[in-house]
>>> print(open('my_file-v8.pdb').read())   # PDB, C-alpha atoms, pLDDT in the B column
ATOM      1  CA  MET N   1       0.000   0.000   0.000  1.00 77.00           C
ATOM      2  CA  ARG N   2       1.061   3.569  -0.574  1.00 84.00           C
ATOM      3  CA  GLU N   3      -0.168   6.962   0.499  1.00 85.00           C
ATOM      4  CA  ILE N   4      -1.096   9.480  -2.177  1.00 91.00           C
ATOM      5  CA  GLU N   5      -1.952  13.021  -1.134  1.00 93.00           C
ATOM      6  CA  VAL N   6      -2.600  16.567  -2.226  1.00 96.00           C
ATOM      7  CA  LYS N   7      -1.905  19.673  -0.192  1.00 97.00           C
ATOM      8  CA  ALA N   8      -2.955  23.321  -0.277  1.00 98.00           C
ATOM      9  CA  ARG N   9      -2.584  26.471   1.740  1.00 98.00           C
ATOM     10  CA  VAL N  10      -5.637  27.561   3.717  1.00 97.00           C
ATOM     11  CA  SER N  11      -6.328  31.256   4.063  1.00 94.00           C
ATOM     12  CA  ASN N  12      -9.416  30.953   6.279  1.00 95.00           C
ATOM     13  CA  ILE N  13      -9.683  27.843   8.442  1.00 94.00           C
ATOM     14  CA  LYS N  14     -13.055  28.873   9.910  1.00 95.00           C
ATOM     15  CA  ILE N  15     -14.710  28.996   6.471  1.00 96.00           C
ATOM     16  CA  LEU N  16     -13.104  25.659   5.559  1.00 96.00           C
ATOM     17  CA  ILE N  17     -14.343  24.006   8.778  1.00 96.00           C
ATOM     18  CA  ASP N  18     -17.847  25.433   8.232  1.00 97.00           C
ATOM     19  CA  THR N  19     -17.923  24.092   4.661  1.00 96.00           C
ATOM     20  CA  ALA N  20     -16.650  20.693   5.824  1.00 97.00           C
ATOM     21  CA  SER N  21     -19.226  20.463   8.628  1.00 97.00           C
ATOM     22  CA  LYS N  22     -22.033  21.068   6.099  1.00 96.00           C
ATOM     23  CA  MET N  23     -20.736  17.934   4.337  1.00 96.00           C
ATOM     24  CA  GLY N  24     -20.733  15.961   7.587  1.00 96.00           C
ATOM     25  CA  ILE N  25     -16.964  16.245   8.088  1.00 97.00           C
ATOM     26  CA  TYR N  26     -15.898  16.921  11.672  1.00 97.00           C
ATOM     27  CA  PHE N  27     -12.316  17.412  12.797  1.00 97.00           C
ATOM     28  CA  GLY N  28     -10.964  15.881  15.990  1.00 96.00           C
ATOM     29  CA  LYS N  29      -8.996  17.505  18.765  1.00 97.00           C
ATOM     30  CA  THR N  30      -5.726  19.229  18.017  1.00 97.00           C
ATOM     31  CA  ILE N  31      -2.614  17.123  18.426  1.00 97.00           C
ATOM     32  CA  ILE N  32       0.914  18.476  18.416  1.00 98.00           C
ATOM     33  CA  GLN N  33       3.416  16.775  16.140  1.00 98.00           C
ATOM     34  CA  GLU N  34       7.110  17.520  16.547  1.00 97.00           C
ATOM     35  CA  ASP N  35       9.142  16.114  13.679  1.00 97.00           C
ATOM     36  CA  THR N  36      12.879  15.798  13.232  1.00 96.00           C
ATOM     37  CA  ILE N  37      13.797  15.106   9.610  1.00 96.00           C
ATOM     38  CA  PHE N  38      16.883  13.132   8.592  1.00 95.00           C
ATOM     39  CA  GLU N  39      17.901  13.456   4.933  1.00 91.00           C
ATOM     40  CA  PRO N  40      20.757  12.037   2.891  1.00 89.00           C
ATOM     41  CA  ASP N  41      22.965  14.367   0.902  1.00 83.00           C
ATOM     42  CA  ILE N  42      21.616  13.256  -2.484  1.00 82.00           C
ATOM     43  CA  PRO N  43      19.028  14.890  -4.780  1.00 79.00           C
ATOM     44  CA  LYS N  44      15.383  13.931  -4.347  1.00 75.00           C
ATOM     45  CA  GLU N  45      15.347  12.809  -7.988  1.00 77.00           C
ATOM     46  CA  ASP N  46      17.895  10.062  -7.217  1.00 80.00           C
ATOM     47  CA  PRO N  47      16.154   6.643  -7.077  1.00 77.00           C
ATOM     48  CA  ASN N  48      18.040   5.900  -3.835  1.00 80.00           C
ATOM     49  CA  TRP N  49      16.596   8.981  -2.111  1.00 83.00           C
ATOM     50  CA  ASN N  50      14.640   8.464   1.066  1.00 89.00           C
ATOM     51  CA  ILE N  51      14.185  10.316   4.317  1.00 91.00           C
ATOM     52  CA  PHE N  52      13.603   9.337   7.894  1.00 96.00           C
ATOM     53  CA  ARG N  53      11.466  11.184  10.390  1.00 96.00           C
ATOM     54  CA  ILE N  54      11.232  10.865  14.141  1.00 97.00           C
ATOM     55  CA  ARG N  55       7.857  12.190  15.243  1.00 97.00           C
ATOM     56  CA  LYS N  56       6.814  12.901  18.800  1.00 97.00           C
ATOM     57  CA  GLN N  57       3.031  12.801  18.965  1.00 96.00           C
ATOM     58  CA  GLU N  58       1.364  12.757  22.351  1.00 92.00           C
ATOM     59  CA  GLU N  59       2.933   9.832  24.224  1.00 92.00           C
ATOM     60  CA  LYS N  60       4.241   8.055  21.111  1.00 96.00           C
ATOM     61  CA  ILE N  61       7.503   8.384  19.249  1.00 98.00           C
ATOM     62  CA  ILE N  62       7.262   7.150  15.668  1.00 98.00           C
ATOM     63  CA  LEU N  63      10.060   6.428  13.206  1.00 98.00           C
ATOM     64  CA  THR N  64       9.014   6.840   9.568  1.00 95.00           C
ATOM     65  CA  MET N  65      10.933   6.064   6.388  1.00 94.00           C
ATOM     66  CA  LYS N  66       9.586   7.707   3.220  1.00 88.00           C
ATOM     67  CA  TYR N  67      10.668   6.934  -0.312  1.00 86.00           C
ATOM     68  CA  LYS N  68       9.332   7.737  -3.751  1.00 79.00           C
ATOM     69  CA  ALA N  69       6.574   5.631  -5.235  1.00 77.00           C
ATOM     70  CA  SER N  70       6.440   7.641  -8.497  1.00 71.00           C
ATOM     71  CA  LYS N  71       7.690  10.881 -10.017  1.00 69.00           C
ATOM     72  CA  SER N  72       4.900  12.757  -8.281  1.00 60.00           C
ATOM     73  CA  SER N  73       6.087  14.832  -5.332  1.00 58.00           C
ATOM     74  CA  ASN N  74       3.217  13.718  -3.095  1.00 62.00           C
ATOM     75  CA  ASP N  75       3.312   9.996  -3.766  1.00 71.00           C
ATOM     76  CA  ASN N  76       5.472   8.080  -1.324  1.00 78.00           C
ATOM     77  CA  TYR N  77       5.773   4.730   0.280  1.00 83.00           C
ATOM     78  CA  GLU N  78       5.889   5.046   4.050  1.00 87.00           C
ATOM     79  CA  LEU N  79       7.109   2.557   6.605  1.00 91.00           C
ATOM     80  CA  GLU N  80       6.452   3.356  10.267  1.00 94.00           C
ATOM     81  CA  THR N  81       7.175   1.856  13.635  1.00 97.00           C
ATOM     82  CA  ILE N  82       6.941   2.957  17.256  1.00 98.00           C
ATOM     83  CA  ILE N  83      10.316   3.437  18.933  1.00 98.00           C
ATOM     84  CA  ASP N  84      11.279   3.563  22.593  1.00 96.00           C
ATOM     85  CA  ASN N  85      14.666   5.229  22.382  1.00 96.00           C
ATOM     86  CA  PRO N  86      14.824   8.152  19.935  1.00 96.00           C
ATOM     87  CA  LYS N  87      18.323   9.145  21.058  1.00 95.00           C
ATOM     88  CA  THR N  88      19.745   5.782  19.973  1.00 97.00           C
ATOM     89  CA  VAL N  89      17.800   5.869  16.701  1.00 97.00           C
ATOM     90  CA  ARG N  90      19.208   9.356  15.998  1.00 95.00           C
ATOM     91  CA  GLN N  91      22.719   8.009  16.539  1.00 96.00           C
ATOM     92  CA  MET N  92      21.999   5.095  14.210  1.00 96.00           C
ATOM     93  CA  LEU N  93      20.654   7.365  11.475  1.00 96.00           C
ATOM     94  CA  ASN N  94      23.611   9.739  11.809  1.00 94.00           C
ATOM     95  CA  ARG N  95      25.997   6.786  11.553  1.00 94.00           C
ATOM     96  CA  LEU N  96      24.231   5.659   8.353  1.00 93.00           C
ATOM     97  CA  GLY N  97      24.729   9.098   6.777  1.00 91.00           C
ATOM     98  CA  TYR N  98      21.404  10.702   7.644  1.00 93.00           C
ATOM     99  CA  PRO N  99      22.106  13.860   9.597  1.00 91.00           C
ATOM    100  CA  SER N 100      19.302  15.623  11.399  1.00 86.00           C
ATOM    101  CA  CYS N 101      18.589  18.557   9.128  1.00 84.00           C
ATOM    102  CA  LEU N 102      15.462  20.287  10.363  1.00 94.00           C
ATOM    103  CA  ASN N 103      12.636  20.347  12.856  1.00 96.00           C
ATOM    104  CA  ILE N 104       9.002  20.891  11.993  1.00 97.00           C
ATOM    105  CA  ARG N 105       6.296  21.531  14.584  1.00 98.00           C
ATOM    106  CA  LYS N 106       2.627  21.548  13.740  1.00 98.00           C
ATOM    107  CA  ASN N 107      -0.797  21.495  15.300  1.00 98.00           C
ATOM    108  CA  ARG N 108      -2.905  18.918  13.442  1.00 98.00           C
ATOM    109  CA  ARG N 109      -6.600  18.115  13.406  1.00 98.00           C
ATOM    110  CA  THR N 110      -7.831  15.159  11.379  1.00 98.00           C
ATOM    111  CA  ALA N 111     -11.109  13.934   9.965  1.00 98.00           C
ATOM    112  CA  LYS N 112     -12.238  10.955   7.918  1.00 97.00           C
ATOM    113  CA  TYR N 113     -14.517  11.246   4.925  1.00 96.00           C
ATOM    114  CA  ASN N 114     -15.365   8.102   2.991  1.00 93.00           C
ATOM    115  CA  ASN N 115     -11.940   6.555   2.298  1.00 93.00           C
ATOM    116  CA  LEU N 116     -10.020   9.809   2.751  1.00 97.00           C
ATOM    117  CA  GLU N 117      -8.048  11.225   5.644  1.00 97.00           C
ATOM    118  CA  ILE N 118      -8.161  15.005   5.889  1.00 98.00           C
ATOM    119  CA  CYS N 119      -5.547  16.882   7.913  1.00 98.00           C
ATOM    120  CA  LEU N 120      -5.723  20.546   8.899  1.00 98.00           C
ATOM    121  CA  ASP N 121      -2.231  21.671   9.826  1.00 98.00           C
ATOM    122  CA  GLU N 122      -0.947  24.840  11.439  1.00 98.00           C
ATOM    123  CA  VAL N 123       2.790  24.588  10.752  1.00 98.00           C
ATOM    124  CA  ASP N 124       5.160  26.835  12.688  1.00 97.00           C
ATOM    125  CA  ASN N 125       6.737  29.432  10.346  1.00 96.00           C
ATOM    126  CA  LEU N 126       4.827  28.144   7.298  1.00 97.00           C
ATOM    127  CA  GLY N 127       1.128  28.786   7.972  1.00 97.00           C
ATOM    128  CA  ASN N 128      -2.078  26.793   7.567  1.00 98.00           C
ATOM    129  CA  PHE N 129      -2.549  23.856   5.213  1.00 98.00           C
ATOM    130  CA  ILE N 130      -4.972  21.110   4.331  1.00 98.00           C
ATOM    131  CA  GLU N 131      -3.838  17.669   3.195  1.00 97.00           C
ATOM    132  CA  VAL N 132      -6.119  15.007   1.796  1.00 97.00           C
ATOM    133  CA  GLU N 133      -4.638  11.510   1.761  1.00 95.00           C
ATOM    134  CA  LYS N 134      -5.751   8.202   0.334  1.00 94.00           C
ATOM    135  CA  MET N 135      -4.208   4.785   0.861  1.00 90.00           C
ATOM    136  CA  CYS N 136      -3.943   3.008  -2.479  1.00 89.00           C
ATOM    137  CA  LYS N 137      -2.696  -0.217  -3.959  1.00 89.00           C
ATOM    138  CA  ASP N 138       0.904  -0.179  -5.137  1.00 86.00           C
ATOM    139  CA  ASP N 139      -0.139  -0.108  -8.802  1.00 89.00           C
ATOM    140  CA  ALA N 140      -2.545   2.862  -8.452  1.00 89.00           C
ATOM    141  CA  ASN N 141      -2.136   5.689 -10.946  1.00 91.00           C
ATOM    142  CA  ALA N 142      -0.904   8.595  -8.800  1.00 90.00           C
ATOM    143  CA  GLU N 143      -2.069  11.300 -11.201  1.00 91.00           C
ATOM    144  CA  ASP N 144      -5.617   9.897 -11.298  1.00 94.00           C
ATOM    145  CA  VAL N 145      -5.801   9.646  -7.510  1.00 94.00           C
ATOM    146  CA  GLN N 146      -4.388  13.150  -7.053  1.00 94.00           C
ATOM    147  CA  SER N 147      -6.949  14.485  -9.519  1.00 95.00           C
ATOM    148  CA  GLU N 148      -9.722  12.844  -7.455  1.00 96.00           C
ATOM    149  CA  LEU N 149      -8.296  14.327  -4.244  1.00 97.00           C
ATOM    150  CA  TRP N 150      -7.951  17.762  -5.813  1.00 97.00           C
ATOM    151  CA  ASP N 151     -11.592  17.662  -6.974  1.00 96.00           C
ATOM    152  CA  PHE N 152     -12.524  17.038  -3.343  1.00 97.00           C
ATOM    153  CA  LEU N 153     -10.504  20.079  -2.191  1.00 97.00           C
ATOM    154  CA  LEU N 154     -12.262  22.220  -4.796  1.00 96.00           C
ATOM    155  CA  ILE N 155     -15.594  21.192  -3.257  1.00 95.00           C
ATOM    156  CA  LEU N 156     -14.257  22.401   0.107  1.00 96.00           C
ATOM    157  CA  GLY N 157     -13.563  25.804  -1.475  1.00 96.00           C
ATOM    158  CA  ILE N 158      -9.804  25.536  -1.917  1.00 97.00           C
ATOM    159  CA  LYS N 159      -8.582  27.622  -4.856  1.00 95.00           C
ATOM    160  CA  PRO N 160      -6.185  26.271  -7.524  1.00 94.00           C
ATOM    161  CA  LYS N 161      -3.668  29.044  -6.729  1.00 96.00           C
ATOM    162  CA  ASP N 162      -3.343  27.626  -3.193  1.00 97.00           C
ATOM    163  CA  ARG N 163      -2.240  24.136  -4.254  1.00 96.00           C
ATOM    164  CA  VAL N 164       1.163  23.138  -2.894  1.00 96.00           C
ATOM    165  CA  TYR N 165       3.288  20.503  -4.602  1.00 92.00           C
ATOM    166  CA  LYS N 166       6.105  20.387  -2.043  1.00 91.00           C
ATOM    167  CA  GLY N 167       6.327  18.632   1.301  1.00 89.00           C
ATOM    168  CA  TYR N 168       6.687  20.452   4.594  1.00 94.00           C
ATOM    169  CA  ASP N 169      10.370  19.530   4.644  1.00 91.00           C
ATOM    170  CA  THR N 170      11.026  21.306   1.318  1.00 89.00           C
ATOM    171  CA  LEU N 171       8.863  24.267   2.312  1.00 94.00           C
ATOM    172  CA  MET N 172      10.778  24.581   5.586  1.00 95.00           C
ATOM    173  CA  HIS N 173      14.130  24.383   3.752  1.00 90.00           C
ATOM    174  CA  ASN N 174      12.929  27.187   1.441  1.00 91.00           C
ATOM    175  CA  PHE N 175      11.777  29.263   4.415  1.00 93.00           C
ATOM    176  CA  LEU N 176      15.086  28.821   6.243  1.00 91.00           C
ATOM    177  CA  ASP N 177      17.109  29.562   3.083  1.00 91.00           C
ATOM    178  CA  SER N 178      15.192  32.818   2.602  1.00 90.00           C
ATOM    179  CA  LYS N 179      16.199  34.143   6.031  1.00 80.00           C
TER     180      LYS N 179
END
>>> encode(input="my_file-v8.pdb", output="structure tokens")
Amino acid sequence: MREIEVKARVSNIKILIDTASKMGIYFGKTIIQEDTIFEPDIPKEDPNWNIFRIRKQEEKIILTMKYKASKSSNDNYELETIIDNPKTVRQMLNRLGYPSCLNIRKNRRTAKYNNLEICLDEVDNLGNFIEVEKMCKDDANAEDVQSELWDFLLILGIKPKDRVYKGYDTLMHNFLDSK
């Protein structure tokens, strides 16, 4: 299975939540996610590219490995596991050539709608976003699924100019490079 998603900036969360609630979509409580990203020093276009993330979320610490499923920027395979000792895992990743390169903190609220997961994110230094994700079979056509997800965001009132094709890691790199 792989996760395919689309993402967009949100200029008015209240209007978005009101529109969603009229469709029967209700977001849960806010959870804080604190991510540390570990990236290799190779281009994202390289077939060997992957990243690791250590996420602190409530009482859990989750290690995630992401790697490309297709040429699409928002189409990745993800492997996740709960870890007990993030300090040791950090040392292991550093030893394997994955230095800790950035931290991302966000407040996230999620909702389910049919077979979709919807995430409203308030990302420190980056602003407000919505992500719509769908778990798909490995052979799914990413462009078709992303088109379906985008059509759903249009129904929620998201404008085409607000679509974002980059992950939070790339957006954060761009933000930090602009300072």
>>> residues_around(input="my_file-v8.pdb", residues="segment 158-167 of chain N", least_positions_apart="3", cutoff="6 Å", atoms="all atoms listed in the file", output="list in words")
Lys7, Ala8, Arg9, Leu153, Leu154 and Thr170 of chain N
>>> residues_around(input="my_file-v8.pdb", residues="Asp124 of chain N", least_positions_apart="2", cutoff="7 Å", atoms="only C-alpha atoms", output="list in words")
Arg105, Lys106, Glu122, Leu126 and Gly127 of chain N
>>> write_last_selection(input="my_file-v8.pdb", atoms="C-alpha atoms", output="PDB file, keeping the file's coordinate frame")
ATOM      1  CA  ARG N 105       6.296  21.531  14.584  1.00 98.00           C
ATOM      2  CA  LYS N 106       2.627  21.548  13.740  1.00 98.00           C
ATOM      3  CA  GLU N 122      -0.947  24.840  11.439  1.00 98.00           C
ATOM      4  CA  LEU N 126       4.827  28.144   7.298  1.00 97.00           C
ATOM      5  CA  GLY N 127       1.128  28.786   7.972  1.00 97.00           C
TER       6      GLY N 127
END
>>> residues_around(input="my_file-v8.pdb", residues="Thr19 of chain N", least_positions_apart="5", cutoff="10 Å", atoms="all atoms listed in the file", output="PDB file with C-alpha atoms, in the frame of the given file")
ATOM      1  CA  ILE N  13      -9.683  27.843   8.442  1.00 94.00           C
ATOM      2  CA  LYS N  14     -13.055  28.873   9.910  1.00 95.00           C
ATOM      3  CA  GLY N  24     -20.733  15.961   7.587  1.00 96.00           C
ATOM      4  CA  ILE N  25     -16.964  16.245   8.088  1.00 97.00           C
ATOM      5  CA  ILE N 155     -15.594  21.192  -3.257  1.00 95.00           C
ATOM      6  CA  LEU N 156     -14.257  22.401   0.107  1.00 96.00           C
ATOM      7  CA  GLY N 157     -13.563  25.804  -1.475  1.00 96.00           C
TER       8      GLY N 157
END
>>> closest_residue(input="my_file-v8.pdb", among="N:Val132, N:Leu63, N:Phe27, N:Ile82", to="Ile118 of chain N", atoms="all atoms listed in the file")
N:Val132
>>> resolve_selection(input="my_file-v8.pdb", expression="the PyMOL selection byres ((chain N and resi 115) around 12)", output="PyMOL selection string")
chain N and resi 3+111-114+116-118+132-136+145+148-149+152
>>> residues_around(input="my_file-v8.pdb", residues="Leu102 of chain N", least_positions_apart="6", cutoff="10 Å", atoms="only C-alpha atoms", output="list in words")
Asp35, Thr36, Ile37, Phe38, Glu39, Arg53, Asp169, Met172, His173 and Leu176 of chain N
>>> resolve_selection(input="my_file-v8.pdb", expression="the PyMOL selection byres ((chain N and resi 108) around 8)", output="count of residues only")
12
>>> axis_aligned_box(input="my_file-v8.pdb", around="segment 148-164 of chain N", padding_each_side="6 Å", output="AutoDock Vina command-line options")
--center_x -7.2 --center_y 20.9 --center_z -3.7 --size_x 28.8 --size_y 28.2 --size_z 19.6
>>> residues_around(input="my_file-v8.pdb", residues="segment 64-66 of chain N", least_positions_apart="5", cutoff="10 Å", atoms="only C-alpha atoms", output="compact mmCIF listing (two decimals) with C-alpha atoms, in the coordinates of the input")
# COMPACT_ATOMS: atom_id res chain seq x y z
CA ILE N 37 13.80 15.11 9.61
CA PHE N 38 16.88 13.13 8.59
CA TRP N 49 16.60 8.98 -2.11
CA ASN N 50 14.64 8.46 1.07
CA ILE N 51 14.18 10.32 4.32
CA PHE N 52 13.60 9.34 7.89
CA ARG N 53 11.47 11.18 10.39
CA ILE N 54 11.23 10.86 14.14
CA ARG N 55 7.86 12.19 15.24
CA ASP N 75 3.31 10.00 -3.77
CA ASN N 76 5.47 8.08 -1.32
CA TYR N 77 5.77 4.73 0.28
CA GLU N 78 5.89 5.05 4.05
CA LEU N 79 7.11 2.56 6.60
CA GLU N 80 6.45 3.36 10.27
CA THR N 81 7.18 1.86 13.64
CA ILE N 82 6.94 2.96 17.26
>>> closest_residue(input="my_file-v8.pdb", among="N:Ser11, N:Leu96, N:Lys44, N:Ser21", to="Ser70 of chain N", atoms="all atoms listed in the file")
N:Lys44
>>> atom_distance(input="my_file-v8.pdb", atom1="atom CA of Ile83 of chain N", atom2="atom CA of Cys101 of chain N")
19.8 Å
>>> atom_distance(input="my_file-v8.pdb", atom1="atom CA of Lys56 of chain N", atom2="atom CA of Glu34 of chain N")
5.1 Å
>>> closest_residue(input="my_file-v8.pdb", among="N:Phe129, N:Pro86, N:Asn141, N:Tyr98", to="Tyr168 of chain N", atoms="all atoms listed in the file")
N:Phe129
>>> atom_distance(input="my_file-v8.pdb", atom1="atom CA of Ser178 of chain N", atom2="atom CA of Gly97 of chain N")
25.9 Å
>>> closest_residue(input="my_file-v8.pdb", among="N:Leu93, N:Met1, N:Met23, N:Val10", to="Glu131 of chain N", atoms="only C-alpha atoms")
N:Val10
>>> decode(input="my_file-v8.pdb", residues="segment 132-159 of chain N", atoms="N, CA and C atoms", output="PDB file, in the first residue's frame")
ATOM      1  N   VAL N 132      -5.169  16.094   1.955  1.00  0.00           N
ATOM      2  CA  VAL N 132      -6.119  15.007   1.796  1.00  0.00           C
ATOM      3  C   VAL N 132      -5.321  13.811   1.308  1.00  0.00           C
ATOM      4  N   GLU N 133      -5.445  12.698   2.033  1.00  0.00           N
ATOM      5  CA  GLU N 133      -4.638  11.510   1.761  1.00  0.00           C
ATOM      6  C   GLU N 133      -5.535  10.312   1.487  1.00  0.00           C
ATOM      7  N   LYS N 134      -5.030   9.434   0.634  1.00  0.00           N
ATOM      8  CA  LYS N 134      -5.751   8.202   0.334  1.00  0.00           C
ATOM      9  C   LYS N 134      -4.739   7.062   0.267  1.00  0.00           C
ATOM     10  N   MET N 135      -5.039   5.982   0.948  1.00  0.00           N
ATOM     11  CA  MET N 135      -4.208   4.785   0.861  1.00  0.00           C
ATOM     12  C   MET N 135      -4.644   4.009  -0.375  1.00  0.00           C
ATOM     13  N   CYS N 136      -3.665   3.641  -1.193  1.00  0.00           N
ATOM     14  CA  CYS N 136      -3.943   3.008  -2.479  1.00  0.00           C
ATOM     15  C   CYS N 136      -3.086   1.764  -2.659  1.00  0.00           C
ATOM     16  N   LYS N 137      -3.509   0.938  -3.591  1.00  0.00           N
ATOM     17  CA  LYS N 137      -2.696  -0.217  -3.959  1.00  0.00           C
ATOM     18  C   LYS N 137      -1.419   0.275  -4.619  1.00  0.00           C
ATOM     19  N   ASP N 138      -0.396  -0.558  -4.583  1.00  0.00           N
ATOM     20  CA  ASP N 138       0.904  -0.179  -5.137  1.00  0.00           C
ATOM     21  C   ASP N 138       0.834   0.215  -6.610  1.00  0.00           C
ATOM     22  N   ASP N 139      -0.082  -0.385  -7.370  1.00  0.00           N
ATOM     23  CA  ASP N 139      -0.139  -0.108  -8.802  1.00  0.00           C
ATOM     24  C   ASP N 139      -1.119   1.019  -9.157  1.00  0.00           C
ATOM     25  N   ALA N 140      -1.614   1.761  -8.181  1.00  0.00           N
ATOM     26  CA  ALA N 140      -2.545   2.862  -8.452  1.00  0.00           C
ATOM     27  C   ALA N 140      -1.865   3.935  -9.291  1.00  0.00           C
ATOM     28  N   ASN N 141      -2.639   4.587 -10.136  1.00  0.00           N
ATOM     29  CA  ASN N 141      -2.136   5.689 -10.946  1.00  0.00           C
ATOM     30  C   ASN N 141      -2.172   6.956 -10.086  1.00  0.00           C
ATOM     31  N   ALA N 142      -0.995   7.457  -9.725  1.00  0.00           N
ATOM     32  CA  ALA N 142      -0.904   8.595  -8.800  1.00  0.00           C
ATOM     33  C   ALA N 142      -1.604   9.833  -9.343  1.00  0.00           C
ATOM     34  N   GLU N 143      -1.457  10.098 -10.626  1.00  0.00           N
ATOM     35  CA  GLU N 143      -2.069  11.300 -11.201  1.00  0.00           C
ATOM     36  C   GLU N 143      -3.591  11.219 -11.123  1.00  0.00           C
ATOM     37  N   ASP N 144      -4.161  10.052 -11.388  1.00  0.00           N
ATOM     38  CA  ASP N 144      -5.617   9.897 -11.298  1.00  0.00           C
ATOM     39  C   ASP N 144      -6.110  10.095  -9.867  1.00  0.00           C
ATOM     40  N   VAL N 145      -5.397   9.507  -8.917  1.00  0.00           N
ATOM     41  CA  VAL N 145      -5.801   9.646  -7.510  1.00  0.00           C
ATOM     42  C   VAL N 145      -5.660  11.092  -7.063  1.00  0.00           C
ATOM     43  N   GLN N 146      -4.568  11.752  -7.443  1.00  0.00           N
ATOM     44  CA  GLN N 146      -4.388  13.150  -7.053  1.00  0.00           C
ATOM     45  C   GLN N 146      -5.462  14.040  -7.677  1.00  0.00           C
ATOM     46  N   SER N 147      -5.873  13.729  -8.881  1.00  0.00           N
ATOM     47  CA  SER N 147      -6.949  14.485  -9.519  1.00  0.00           C
ATOM     48  C   SER N 147      -8.252  14.326  -8.725  1.00  0.00           C
ATOM     49  N   GLU N 148      -8.537  13.108  -8.287  1.00  0.00           N
ATOM     50  CA  GLU N 148      -9.722  12.844  -7.455  1.00  0.00           C
ATOM     51  C   GLU N 148      -9.643  13.623  -6.141  1.00  0.00           C
ATOM     52  N   LEU N 149      -8.475  13.620  -5.513  1.00  0.00           N
ATOM     53  CA  LEU N 149      -8.296  14.327  -4.244  1.00  0.00           C
ATOM     54  C   LEU N 149      -8.418  15.834  -4.437  1.00  0.00           C
ATOM     55  N   TRP N 150      -7.866  16.332  -5.536  1.00  0.00           N
ATOM     56  CA  TRP N 150      -7.951  17.762  -5.813  1.00  0.00           C
ATOM     57  C   TRP N 150      -9.401  18.181  -6.044  1.00  0.00           C
ATOM     58  N   ASP N 151     -10.170  17.362  -6.764  1.00  0.00           N
ATOM     59  CA  ASP N 151     -11.592  17.662  -6.974  1.00  0.00           C
ATOM     60  C   ASP N 151     -12.316  17.796  -5.632  1.00  0.00           C
ATOM     61  N   PHE N 152     -11.933  16.962  -4.683  1.00  0.00           N
ATOM     62  CA  PHE N 152     -12.524  17.038  -3.343  1.00  0.00           C
ATOM     63  C   PHE N 152     -12.155  18.370  -2.674  1.00  0.00           C
ATOM     64  N   LEU N 153     -10.899  18.796  -2.787  1.00  0.00           N
ATOM     65  CA  LEU N 153     -10.504  20.079  -2.191  1.00  0.00           C
ATOM     66  C   LEU N 153     -11.246  21.244  -2.837  1.00  0.00           C
ATOM     67  N   LEU N 154     -11.494  21.161  -4.125  1.00  0.00           N
ATOM     68  CA  LEU N 154     -12.262  22.220  -4.796  1.00  0.00           C
ATOM     69  C   LEU N 154     -13.660  22.331  -4.198  1.00  0.00           C
ATOM     70  N   ILE N 155     -14.266  21.191  -3.887  1.00  0.00           N
ATOM     71  CA  ILE N 155     -15.594  21.192  -3.257  1.00  0.00           C
ATOM     72  C   ILE N 155     -15.544  21.894  -1.900  1.00  0.00           C
ATOM     73  N   LEU N 156     -14.421  21.740  -1.193  1.00  0.00           N
ATOM     74  CA  LEU N 156     -14.257  22.401   0.107  1.00  0.00           C
ATOM     75  C   LEU N 156     -13.944  23.898  -0.030  1.00  0.00           C
ATOM     76  N   GLY N 157     -13.807  24.379  -1.261  1.00  0.00           N
ATOM     77  CA  GLY N 157     -13.563  25.804  -1.475  1.00  0.00           C
ATOM     78  C   GLY N 157     -12.104  26.195  -1.620  1.00  0.00           C
ATOM     79  N   ILE N 158     -11.227  25.232  -1.720  1.00  0.00           N
ATOM     80  CA  ILE N 158      -9.804  25.536  -1.917  1.00  0.00           C
ATOM     81  C   ILE N 158      -9.605  26.005  -3.353  1.00  0.00           C
ATOM     82  N   LYS N 159      -8.828  27.035  -3.533  1.00  0.00           N
ATOM     83  CA  LYS N 159      -8.582  27.622  -4.856  1.00  0.00           C
ATOM     84  C   LYS N 159      -7.338  26.999  -5.501  1.00  0.00           C
TER      85      LYS N 159
END
